[in-house]
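Q: start_8.pdb is reproduced below (PDB, C-alpha atoms and all ligand atoms).
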```pdb
MODEL        1
ATOM      1  CA  MET A 937      15.058 -15.391  -7.190
ATOM      2  CA  LEU A 938      12.730 -12.512  -6.313
ATOM      3  CA  THR A 939      13.801 -10.049  -3.660
ATOM      4  CA  ILE A 940      11.375  -7.491  -2.256
ATOM      5  CA  TYR A 941      12.907  -4.489  -0.546
ATOM      6  CA  GLY A 942      10.525  -2.928   1.936
ATOM      7  CA  SER A 943       9.912  -1.638   5.400
ATOM      8  CA  ASP A 944       7.328  -3.027   7.833
ATOM      9  CA  LEU A 945       5.440   0.270   8.117
ATOM     10  CA  SER A 946       5.491   1.168   4.444
ATOM     11  CA  SER A 947       2.014   0.804   2.923
ATOM     12  CA  PRO A 948       3.277   0.621  -0.685
ATOM     13  CA  ALA A 949       5.884  -1.985   0.292
ATOM     14  CA  ASN A 950       3.286  -4.036   2.166
ATOM     15  CA  LYS A 951       1.014  -3.856  -0.859
ATOM     16  CA  VAL A 952       3.740  -5.533  -2.924
ATOM     17  CA  ARG A 953       4.106  -8.250  -0.264
ATOM     18  CA  PHE A 954       0.311  -8.792  -0.130
ATOM     19  CA  VAL A 955       0.296  -9.364  -3.887
ATOM     20  CA  ALA A 956       3.378 -11.593  -3.895
ATOM     21  CA  ASN A 957       1.861 -13.659  -1.063
ATOM     22  CA  HIS A 958      -1.467 -13.924  -2.835
ATOM     23  CA  LEU A 959       0.277 -15.099  -6.007
ATOM     24  CA  GLY A 960       2.150 -17.689  -3.950
ATOM     25  CA  LEU A 961       5.532 -16.353  -5.051
ATOM     26  CA  LYS A 962       8.705 -17.369  -3.277
ATOM     27  CA  TYR A 963      10.692 -14.303  -2.355
ATOM     28  CA  GLU A 964      13.226 -12.913   0.017
ATOM     29  CA  TYR A 965      12.053  -9.904   2.016
ATOM     30  CA  LYS A 966      14.863  -7.468   2.705
ATOM     31  CA  LYS A 967      14.084  -4.744   5.205
ATOM     32  CA  VAL A 968      15.541  -1.348   4.393
ATOM     33  CA  ASP A 969      16.092   0.704   7.533
ATOM     34  CA  LEU A 970      14.590   4.021   6.443
ATOM     35  CA  GLY A 971      15.220   5.637   9.831
ATOM     36  CA  ALA A 972      18.940   4.924   9.443
ATOM     37  CA  GLY A 973      18.935   6.246   5.850
ATOM     38  CA  GLU A 974      19.772   2.885   4.250
ATOM     39  CA  GLN A 975      17.631   3.857   1.246
ATOM     40  CA  LYS A 976      20.180   6.545   0.343
ATOM     41  CA  LYS A 977      23.213   4.244   0.476
ATOM     42  CA  PRO A 978      24.957   3.366  -2.826
ATOM     43  CA  GLU A 979      24.097  -0.373  -2.537
ATOM     44  CA  PHE A 980      20.368   0.358  -2.376
ATOM     45  CA  LEU A 981      20.517   3.105  -5.010
ATOM     46  CA  LYS A 982      21.700   0.420  -7.441
ATOM     47  CA  VAL A 983      18.311  -1.271  -6.904
ATOM     48  CA  ASN A 984      16.251   1.915  -6.822
ATOM     49  CA  PRO A 985      18.000   5.104  -7.949
ATOM     50  CA  VAL A 986      15.293   7.274  -6.368
ATOM     51  CA  GLY A 987      16.027   5.808  -2.925
ATOM     52  CA  LYS A 988      12.593   4.584  -1.866
ATOM     53  CA  VAL A 989      10.872   1.351  -0.930
ATOM     54  CA  PRO A 990       9.380  -0.772  -2.288
ATOM     55  CA  ALA A 991      11.685  -2.061  -4.988
ATOM     56  CA  ILE A 992      12.250  -5.523  -6.380
ATOM     57  CA  ASP A 993      15.102  -7.456  -7.897
ATOM     58  CA  ASP A 994      13.685 -10.293  -9.983
ATOM     59  CA  ASP A 995      16.696 -12.290 -11.182
ATOM     60  CA  GLY A 996      18.556  -9.074 -11.963
ATOM     61  CA  PHE A 997      15.514  -7.158 -13.259
ATOM     62  CA  MET A 998      15.082  -4.140 -11.003
ATOM     63  CA  LEU A 999      11.807  -2.299 -10.621
ATOM     64  CA  TYR A1000      10.479   0.391  -8.302
ATOM     65  CA  GLU A1001       7.114   2.166  -7.820
ATOM     66  CA  SER A1002       4.642  -0.150  -6.128
ATOM     67  CA  GLY A1003       1.973   0.253  -8.821
ATOM     68  CA  ALA A1004       4.358  -0.874 -11.563
ATOM     69  CA  ILE A1005       5.675  -3.712  -9.389
ATOM     70  CA  ILE A1006       2.279  -5.240  -8.572
ATOM     71  CA  LYS A1007       1.212  -5.125 -12.220
ATOM     72  CA  TYR A1008       4.489  -6.740 -13.274
ATOM     73  CA  LEU A1009       4.130  -9.556 -10.725
ATOM     74  CA  ALA A1010       0.472 -10.203 -11.574
ATOM     75  CA  GLU A1011       1.090 -10.115 -15.331
ATOM     76  CA  LYS A1012       4.074 -12.446 -15.032
ATOM     77  CA  ALA A1013       1.961 -14.889 -13.026
ATOM     78  CA  GLY A1014      -0.904 -14.618 -15.540
ATOM     79  CA  SER A1015      -3.255 -13.782 -12.678
ATOM     80  CA  SER A1016      -6.783 -12.444 -13.040
ATOM     81  CA  ILE A1017      -6.110  -9.907 -10.276
ATOM     82  CA  LEU A1018      -4.885  -7.829 -13.239
ATOM     83  CA  PRO A1019      -7.990  -7.826 -15.453
ATOM     84  CA  LYS A1020      -7.700  -8.339 -19.184
ATOM     85  CA  GLY A1021      -9.950  -7.180 -22.009
ATOM     86  CA  LEU A1022     -10.108  -3.636 -23.336
ATOM     87  CA  LYS A1023     -13.009  -2.213 -21.338
ATOM     88  CA  GLU A1024     -12.570  -4.299 -18.202
ATOM     89  CA  ARG A1025      -8.918  -3.298 -18.067
ATOM     90  CA  ALA A1026      -9.701   0.386 -18.690
ATOM     91  CA  SER A1027     -12.268   0.453 -15.850
ATOM     92  CA  PHE A1028      -9.797  -1.297 -13.594
ATOM     93  CA  GLU A1029      -7.078   1.265 -14.425
ATOM     94  CA  GLN A1030      -9.545   4.074 -13.685
ATOM     95  CA  ASP A1031     -10.370   2.560 -10.280
ATOM     96  CA  LEU A1032      -6.713   1.914  -9.494
ATOM     97  CA  ASP A1033      -5.781   5.512 -10.317
ATOM     98  CA  PHE A1034      -8.638   6.902  -8.241
ATOM     99  CA  ILE A1035      -7.718   4.775  -5.229
ATOM    100  CA  THR A1036      -3.972   5.352  -5.534
ATOM    101  CA  LEU A1037      -3.898   9.002  -6.504
ATOM    102  CA  HIS A1038      -6.905  10.404  -4.650
ATOM    103  CA  VAL A1039      -7.779   8.151  -1.710
ATOM    104  CA  GLY A1040      -4.123   7.175  -1.217
ATOM    105  CA  MET A1041      -2.803  10.714  -1.378
ATOM    106  CA  ALA A1042      -5.411  12.001   1.117
ATOM    107  CA  ALA A1043      -4.748   9.141   3.555
ATOM    108  CA  GLN A1044      -1.013   9.555   3.199
ATOM    109  CA  LYS A1045      -1.206  13.221   4.284
ATOM    110  CA  ILE A1046      -3.064  12.185   7.440
ATOM    111  CA  VAL A1047      -0.786   9.235   8.176
ATOM    112  CA  PHE A1048       2.371  11.273   7.657
ATOM    113  CA  ASN A1049       1.268  14.101   9.937
ATOM    114  CA  ARG A1050      -0.323  11.971  12.659
ATOM    115  CA  VAL A1051       2.051   9.012  12.717
ATOM    116  CA  PHE A1052       5.403   9.610  11.063
ATOM    117  CA  ALA A1053       5.987  13.320  11.748
ATOM    118  CA  PRO A1054       5.697  12.897  15.553
ATOM    119  CA  ARG A1055       7.893   9.777  15.478
ATOM    120  CA  ARG A1056      10.587  11.696  13.600
ATOM    121  CA  ASN A1057      10.179  14.999  15.448
ATOM    122  CA  ILE A1058       9.021  16.748  12.282
ATOM    123  CA  PRO A1059       6.534  19.623  12.809
ATOM    124  CA  ILE A1060       2.954  18.775  11.821
ATOM    125  CA  ASP A1061       1.849  20.487   8.621
ATOM    126  CA  THR A1062      -1.703  21.451   9.619
ATOM    127  CA  MET A1063      -2.694  22.573   6.108
ATOM    128  CA  SER A1064      -1.659  19.237   4.660
ATOM    129  CA  LEU A1065      -3.425  17.358   7.479
ATOM    130  CA  GLN A1066      -6.639  19.315   6.918
ATOM    131  CA  ASP A1067      -6.392  18.775   3.186
ATOM    132  CA  GLY A1068      -6.061  15.026   3.715
ATOM    133  CA  GLU A1069      -9.040  14.970   6.077
ATOM    134  CA  THR A1070     -11.245  17.014   3.736
ATOM    135  CA  PHE A1071     -10.551  14.826   0.731
ATOM    136  CA  LEU A1072     -10.793  11.544   2.614
ATOM    137  CA  LYS A1073     -14.227  12.582   3.958
ATOM    138  CA  ARG A1074     -15.254  13.281   0.393
ATOM    139  CA  PHE A1075     -13.893  10.033  -1.072
ATOM    140  CA  LEU A1076     -14.620   7.375   1.563
ATOM    141  CA  PRO A1077     -18.408   7.528   1.071
ATOM    142  CA  ILE A1078     -17.794   6.921  -2.647
ATOM    143  CA  VAL A1079     -15.623   3.906  -1.858
ATOM    144  CA  ASP A1080     -18.204   2.636   0.643
ATOM    145  CA  ALA A1081     -20.998   2.920  -1.928
ATOM    146  CA  ARG A1082     -18.949   0.891  -4.432
ATOM    147  CA  LEU A1083     -18.361  -1.849  -1.870
ATOM    148  CA  ALA A1084     -22.091  -1.962  -1.078
ATOM    149  CA  LYS A1085     -22.711  -3.314  -4.555
ATOM    150  CA  THR A1086     -20.077  -6.033  -4.894
ATOM    151  CA  PRO A1087     -17.794  -7.985  -2.535
ATOM    152  CA  TYR A1088     -14.650  -6.538  -4.143
ATOM    153  CA  TYR A1089     -13.943  -3.078  -5.496
ATOM    154  CA  CYS A1090     -14.110  -4.011  -9.181
ATOM    155  CA  GLY A1091     -16.882  -6.589  -8.886
ATOM    156  CA  ASN A1092     -17.097 -10.203  -7.827
ATOM    157  CA  ALA A1093     -13.387 -10.944  -8.078
ATOM    158  CA  LEU A1094     -10.365  -9.709  -6.198
ATOM    159  CA  THR A1095      -8.109  -7.323  -8.150
ATOM    160  CA  LEU A1096      -5.029  -5.218  -7.516
ATOM    161  CA  VAL A1097      -7.381  -2.377  -6.541
ATOM    162  CA  ASP A1098      -8.356  -4.303  -3.387
ATOM    163  CA  PHE A1099      -4.728  -4.883  -2.378
ATOM    164  CA  THR A1100      -4.003  -1.212  -3.000
ATOM    165  CA  LEU A1101      -6.951   0.079  -0.975
ATOM    166  CA  LEU A1102      -6.228  -2.365   1.832
ATOM    167  CA  SER A1103      -2.635  -1.161   2.133
ATOM    168  CA  ILE A1104      -3.749   2.490   2.097
ATOM    169  CA  LEU A1105      -6.249   1.909   4.921
ATOM    170  CA  ASP A1106      -3.879  -0.262   6.959
ATOM    171  CA  PRO A1107      -2.658   2.531   9.244
ATOM    172  CA  SER A1108      -6.196   3.891   9.839
ATOM    173  CA  GLU A1109      -6.375   3.057  13.536
ATOM    174  CA  MET A1110      -3.015   4.551  14.444
ATOM    175  CA  ALA A1111      -3.683   7.620  12.269
ATOM    176  CA  GLY A1112      -7.098   8.276  13.807
ATOM    177  CA  ILE A1113      -8.964   7.629  10.563
ATOM    178  CA  ASP A1114     -12.410   6.516  11.712
ATOM    179  CA  LEU A1115     -13.761   3.862   9.384
ATOM    180  CA  SER A1116     -16.754   2.990  11.593
ATOM    181  CA  PRO A1117     -19.242   5.101   9.555
ATOM    182  CA  TYR A1118     -18.357   2.981   6.515
ATOM    183  CA  ALA A1119     -19.987  -0.408   7.069
ATOM    184  CA  ASN A1120     -19.171  -1.797   3.630
ATOM    185  CA  ILE A1121     -15.510  -0.798   3.788
ATOM    186  CA  THR A1122     -15.301  -2.309   7.272
ATOM    187  CA  LYS A1123     -16.855  -5.606   6.174
ATOM    188  CA  TRP A1124     -14.628  -5.821   3.080
ATOM    189  CA  ARG A1125     -11.533  -4.960   5.142
ATOM    190  CA  ASN A1126     -12.290  -7.440   7.928
ATOM    191  CA  ASN A1127     -12.674 -10.176   5.347
ATOM    192  CA  LEU A1128      -9.373  -9.433   3.599
ATOM    193  CA  ARG A1129      -7.410  -8.998   6.825
ATOM    194  CA  GLN A1130      -8.161 -12.594   7.797
ATOM    195  CA  GLN A1131      -6.657 -13.992   4.642
ATOM    196  CA  ASP A1132      -3.236 -15.621   4.479
ATOM    197  CA  PHE A1133      -1.695 -13.043   2.136
ATOM    198  CA  TYR A1134      -2.375 -10.407   4.799
ATOM    199  CA  THR A1135      -1.566 -12.250   8.029
ATOM    200  CA  LYS A1136       1.691 -13.544   6.513
ATOM    201  CA  CYS A1137       2.788  -9.984   5.776
ATOM    202  CA  HIS A1138       1.670  -8.490   9.043
ATOM    203  CA  LYS A1139       3.067 -10.882  11.588
ATOM    204  CA  GLU A1140       5.505  -8.184  12.698
ATOM    205  CA  TYR A1141       3.340  -5.142  11.981
ATOM    206  CA  GLY A1142       2.089  -4.621  15.527
ATOM    207  CA  ASP A1143       5.615  -4.819  16.912
ATOM    208  CA  ALA A1144       6.979  -2.455  14.287
ATOM    209  CA  LEU A1145       4.395   0.126  15.308
ATOM    210  CA  LYS A1146       5.578   0.086  18.894
ATOM    211  CA  GLN A1147       9.149   0.872  17.929
ATOM    212  CA  PRO A1148      10.202   4.521  18.028
ATOM    213  CA  ALA A1149      11.027   6.682  14.992
ATOM    214  CA  LYS A1150      12.422   4.028  12.676
ATOM    215  CA  ALA A1151       9.837   3.762   9.943
TER     216      ALA A1151
HETATM  217  N1  LIG B1201       5.021   6.113  -5.103
HETATM  218  C1  LIG B1201       5.944   5.255  -4.385
HETATM  219  C2  LIG B1201       6.067   5.737  -2.941
HETATM  220  C3  LIG B1201       7.298   5.151  -2.277
HETATM  221  C4  LIG B1201       7.590   5.837  -0.954
HETATM  222  O1  LIG B1201       7.303   7.038  -0.759
HETATM  223  N2  LIG B1201       8.204   5.095  -0.041
HETATM  224  C5  LIG B1201       8.550   5.619   1.244
HETATM  225  C6  LIG B1201       8.110   4.645   2.353
HETATM  226  S1  LIG B1201       6.366   4.484   2.370
HETATM  227  C7  LIG B1201      10.077   5.747   1.347
HETATM  228  O2  LIG B1201      10.802   4.903   0.857
HETATM  229  N3  LIG B1201      10.542   6.794   2.021
HETATM  230  C8  LIG B1201      11.931   6.977   2.275
HETATM  231  C9  LIG B1201      12.488   8.244   1.707
HETATM  232  O3  LIG B1201      11.757   8.943   0.974
HETATM  233  O4  LIG B1201      13.645   8.557   1.991
HETATM  234  C10 LIG B1201       5.453   3.798  -4.473
HETATM  235  O5  LIG B1201       4.240   3.590  -4.543
HETATM  236  O6  LIG B1201       6.298   2.884  -4.502
ENDMDL
END
```
Represent the supplied structure as structure tokens.
A:
Amino acid sequence: MLTIYGSDLSSPANKVRFVANHLGLKYEYKKVDLGAGEQKKPEFLKVNPVGKVPAIDDDGFMLYESGAIIKYLAEKAGSSILPKGLKERASFEQDLDFITLHVGMAAQKIVFNRVFAPRRNIPIDTMSLQDGETFLKRFLPIVDARLAKTPYYCGNALTLVDFTLLSILDPSEMAGIDLSPYANITKWRNNLRQQDFYTKCHKEYGDALKQPAKA
């Protein structure tokens, strides 16, 4: 039995659920109440010693870090969303790192300061917010240009890069990240957000956003 530990407003946790849904995996979704500090309780630390979501328990095999988890699930399922072949795989890893480490980090600074800090009464770090905005403005045109060429980030087929980017951009509206100048990103995103893997995950997303300071 696969258990996914997550939180409705956690982009990395939702990314793992997108992938599990896409792969058609049966799993139990256990919500960890981050606002109540459940991630620091001994029971959860047995699953993930660093006290963060997402984490999985796959028949007693524990794994954390969303990037490692999605690769594990895709590899286990033998899915082409994790490309094979030396050069194809290397290009995919390059794209995944760029999206996760650069686009993701910039977006996360904006989301934290605009969405989570106010909900938790944490002062806004204006330097970090500005940094996020500067880098996102630099990177989004690059992402948009890639998506002008092919329907998915790595070409004609869906890969883990798409699930990763989609989860990163999920909180755009509530974080005031304006995607309207990026027609190709918008088209790609609208397409993916209609698909079952996404709607199944985000049934409760809207409601979770309305709740105070729990994410
Ligand atoms: N690099 C990690 C990030 C995990 C992470 O930061 N999770 C946040 C929620 S989005 C968390 O659990 N925060 C609770 C805490 O740090 O106490 C991944 O991709 O899995």
Q: What is the distance between atom CA of Lys967 of chain A and atom CA of Gly1068 of chain A, in Å to one decimal?
A: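 If I compute the distance from atom CA of Lys967 of chain A to atom CA of Gly1068 of chain A, I get 28.3 Å.
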Q: Could you check how far atom CA of Cys1137 of chain A sits from atom CA of Asn957 of chain A, in Å to one decimal?
A: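 We find that atom CA of Cys1137 of chain A and atom CA of Asn957 of chain A lie 7.8 Å from each other.
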Q: Counting only C-alpha atoms and all ligand atoms, which protein, DNA or RNA residues come within 7 Å of ligand LIG 1201 (chain B), given as an mmCIF file with C-alpha atoms, in the frame of the given file?
A:
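Result written to part-v8.cif:
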```cif
data_model
loop_
_atom_site.group_PDB
_atom_site.id
_atom_site.type_symbol
_atom_site.label_atom_id
_atom_site.label_comp_id
_atom_site.auth_asym_id
_atom_site.auth_seq_id
_atom_site.Cartn_x
_atom_site.Cartn_y
_atom_site.Cartn_z
ATOM 1 C CA SER A 946 5.491 1.168 4.444
ATOM 2 C CA SER A 947 2.014 0.804 2.923
ATOM 3 C CA PRO A 948 3.277 0.621 -0.685
ATOM 4 C CA ALA A 949 5.884 -1.985 0.292
ATOM 5 C CA LEU A 970 14.590 4.021 6.443
ATOM 6 C CA GLY A 973 18.935 6.246 5.850
ATOM 7 C CA GLN A 975 17.631 3.857 1.246
ATOM 8 C CA GLY A 987 16.027 5.808 -2.925
ATOM 9 C CA LYS A 988 12.593 4.584 -1.866
ATOM 10 C CA VAL A 989 10.872 1.351 -0.930
ATOM 11 C CA PRO A 990 9.380 -0.772 -2.288
ATOM 12 C CA TYR A 1000 10.479 0.391 -8.302
ATOM 13 C CA GLU A 1001 7.114 2.166 -7.820
ATOM 14 C CA SER A 1002 4.642 -0.150 -6.128
ATOM 15 C CA GLY A 1003 1.973 0.253 -8.821
#
```
Q: Compare A:Val952, A:Ile1113, A:Leu1009, A:Ala1081 by their minimum atom-to-atom distance to Tyr1134 of chain A, counting all atoms listed in the file, and give me the closest one.
A: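 Between A:Val952, A:Ile1113, A:Leu1009, A:Ala1081, the residue approaching Tyr1134 of chain A most closely is A:Val952.
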Q: In Å, with one decimal, what is the gap from atom CA of Asp1033 of chain A to atom CA of Lys966 of chain A?
A: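 Calculated distance between atom CA of Asp1033 of chain A and atom CA of Lys966 of chain A is 27.6 Å.
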Q: Go through A:Thr1062, A:Ser1116, A:Ser1108, A:Thr1100 one by one, measure the shortest atom-to-atom distance of each to Ile1006 of chain A using all atoms listed in the file, and give the residue with the smallest value.
A: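 The closest residue to Ile1006 of chain A is A:Thr1100.
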Q: Exactly which residues make up the result of the PyMOL selection byres (((chain A and resi 1083) around 10) and not hetatm) on this file, given as a PyMOL selection string?
A: chain A and resi 1077-1082+1084-1091+1118-1124
Q: Go through the shown structure with the PyMOL selection byres (((chain A and resi 1007) around 12) and not hetatm) and write out the matching residues as a PyMOL selection string.
A: chain A and resi 951-952+955-956+959+999-1006+1008-1020+1025+1028-1029+1032+1095-1097+1099-1100
Q: Can you tell me, as lines of an AutoDock Vina configuration file, the centre and edge lengths (Å, one decimal) of the axis-aligned box enclosing all of segment 1056-1075 of chain A's listed atoms after padding each side by 8 Å?
A:
```
center_x = -2.3
center_y = 16.3
center_z = 7.2
size_x = 41.8
size_y = 28.5
size_z = 32.5
```
Q: So which residues touch segment 1102-1106 of chain A within 8 Å, counting all atoms listed in the file, skipping near sequence neighbours fewer than 5 positions away, as a list of chain:residue names?
A: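 Once the nearby chain positions are removed, what remains is A:Ser947, A:Pro948, A:Asn950, A:Lys951, A:Val1039, A:Gly1040, A:Ala1043, A:Gln1044, A:Arg1125, A:Leu1128.
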Q: Take the residues that were just selected and, keeping C-alpha atoms, output them as a compact mmCIF listing (two decimals), in the coordinates of the input.
A:
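Output contents, as saved in result-v5.txt:
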```txt
# COMPACT_ATOMS: atom_id res chain seq x y z
CA SER A 947 2.01 0.80 2.92
CA PRO A 948 3.28 0.62 -0.68
CA ASN A 950 3.29 -4.04 2.17
CA LYS A 951 1.01 -3.86 -0.86
CA VAL A 1039 -7.78 8.15 -1.71
CA GLY A 1040 -4.12 7.18 -1.22
CA ALA A 1043 -4.75 9.14 3.56
CA GLN A 1044 -1.01 9.56 3.20
CA ARG A 1125 -11.53 -4.96 5.14
CA LEU A 1128 -9.37 -9.43 3.60
```
Q: For each of A:Val986, A:Leu1072, A:Leu1094, A:Leu938, take the minimum atom-to-atom distance to His1038 of chain A, counting only C-alpha atoms, then give the residue where this is smallest.
A: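 Under the stated criterion, the closest residue is A:Leu1072.
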Q: Under the rule that only C-alpha atoms are counted, which of A:Tyr941, A:Lys1045, A:Phe1071, A:Asp1132 is the nearest residue to Phe954 of chain A?
A: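 Looking at the shortest contact to Phe954 of chain A, the residue is A:Asp1132.
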Q: Could you check the closest approach to Phe1052 of chain A for each of A:Arg1074, A:Asn1127, A:Lys962, A:Ala1111 and tell me which residue wins, using only C-alpha atoms?
A: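 Among the listed residues, A:Ala1111 lies closest to Phe1052 of chain A.
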Q: With the file shown as input, list the residues that the PyMOL selection byres (((chain A and resi 1048) around 10) and not hetatm) selects, as a PyMOL selection string.
A: chain A and resi 1043-1047+1049-1055+1058+1060-1061+1064-1065+1111
Q: Kindly provide, as a list of chain:residue names, the polymer residues lying within 6 Å of (12.1, 3.7, 6.1), counting only C-alpha atoms and using the coordinates exactly as they appear in the file.
A: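 Residues close enough to count: A:Ser943, A:Asp969, A:Leu970, A:Gly971, A:Ala1151.
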Q: Let me make sure I understand: among A:Arg1129, A:Tyr965, A:Ala1026, A:Asn984, which one has the smallest atom-to-atom distance to Asp1098 of chain A if we use all atoms listed in the file?
A: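 Of A:Arg1129, A:Tyr965, A:Ala1026, A:Asn984, the one nearest Asp1098 of chain A is A:Arg1129, counting all atoms listed in the file.
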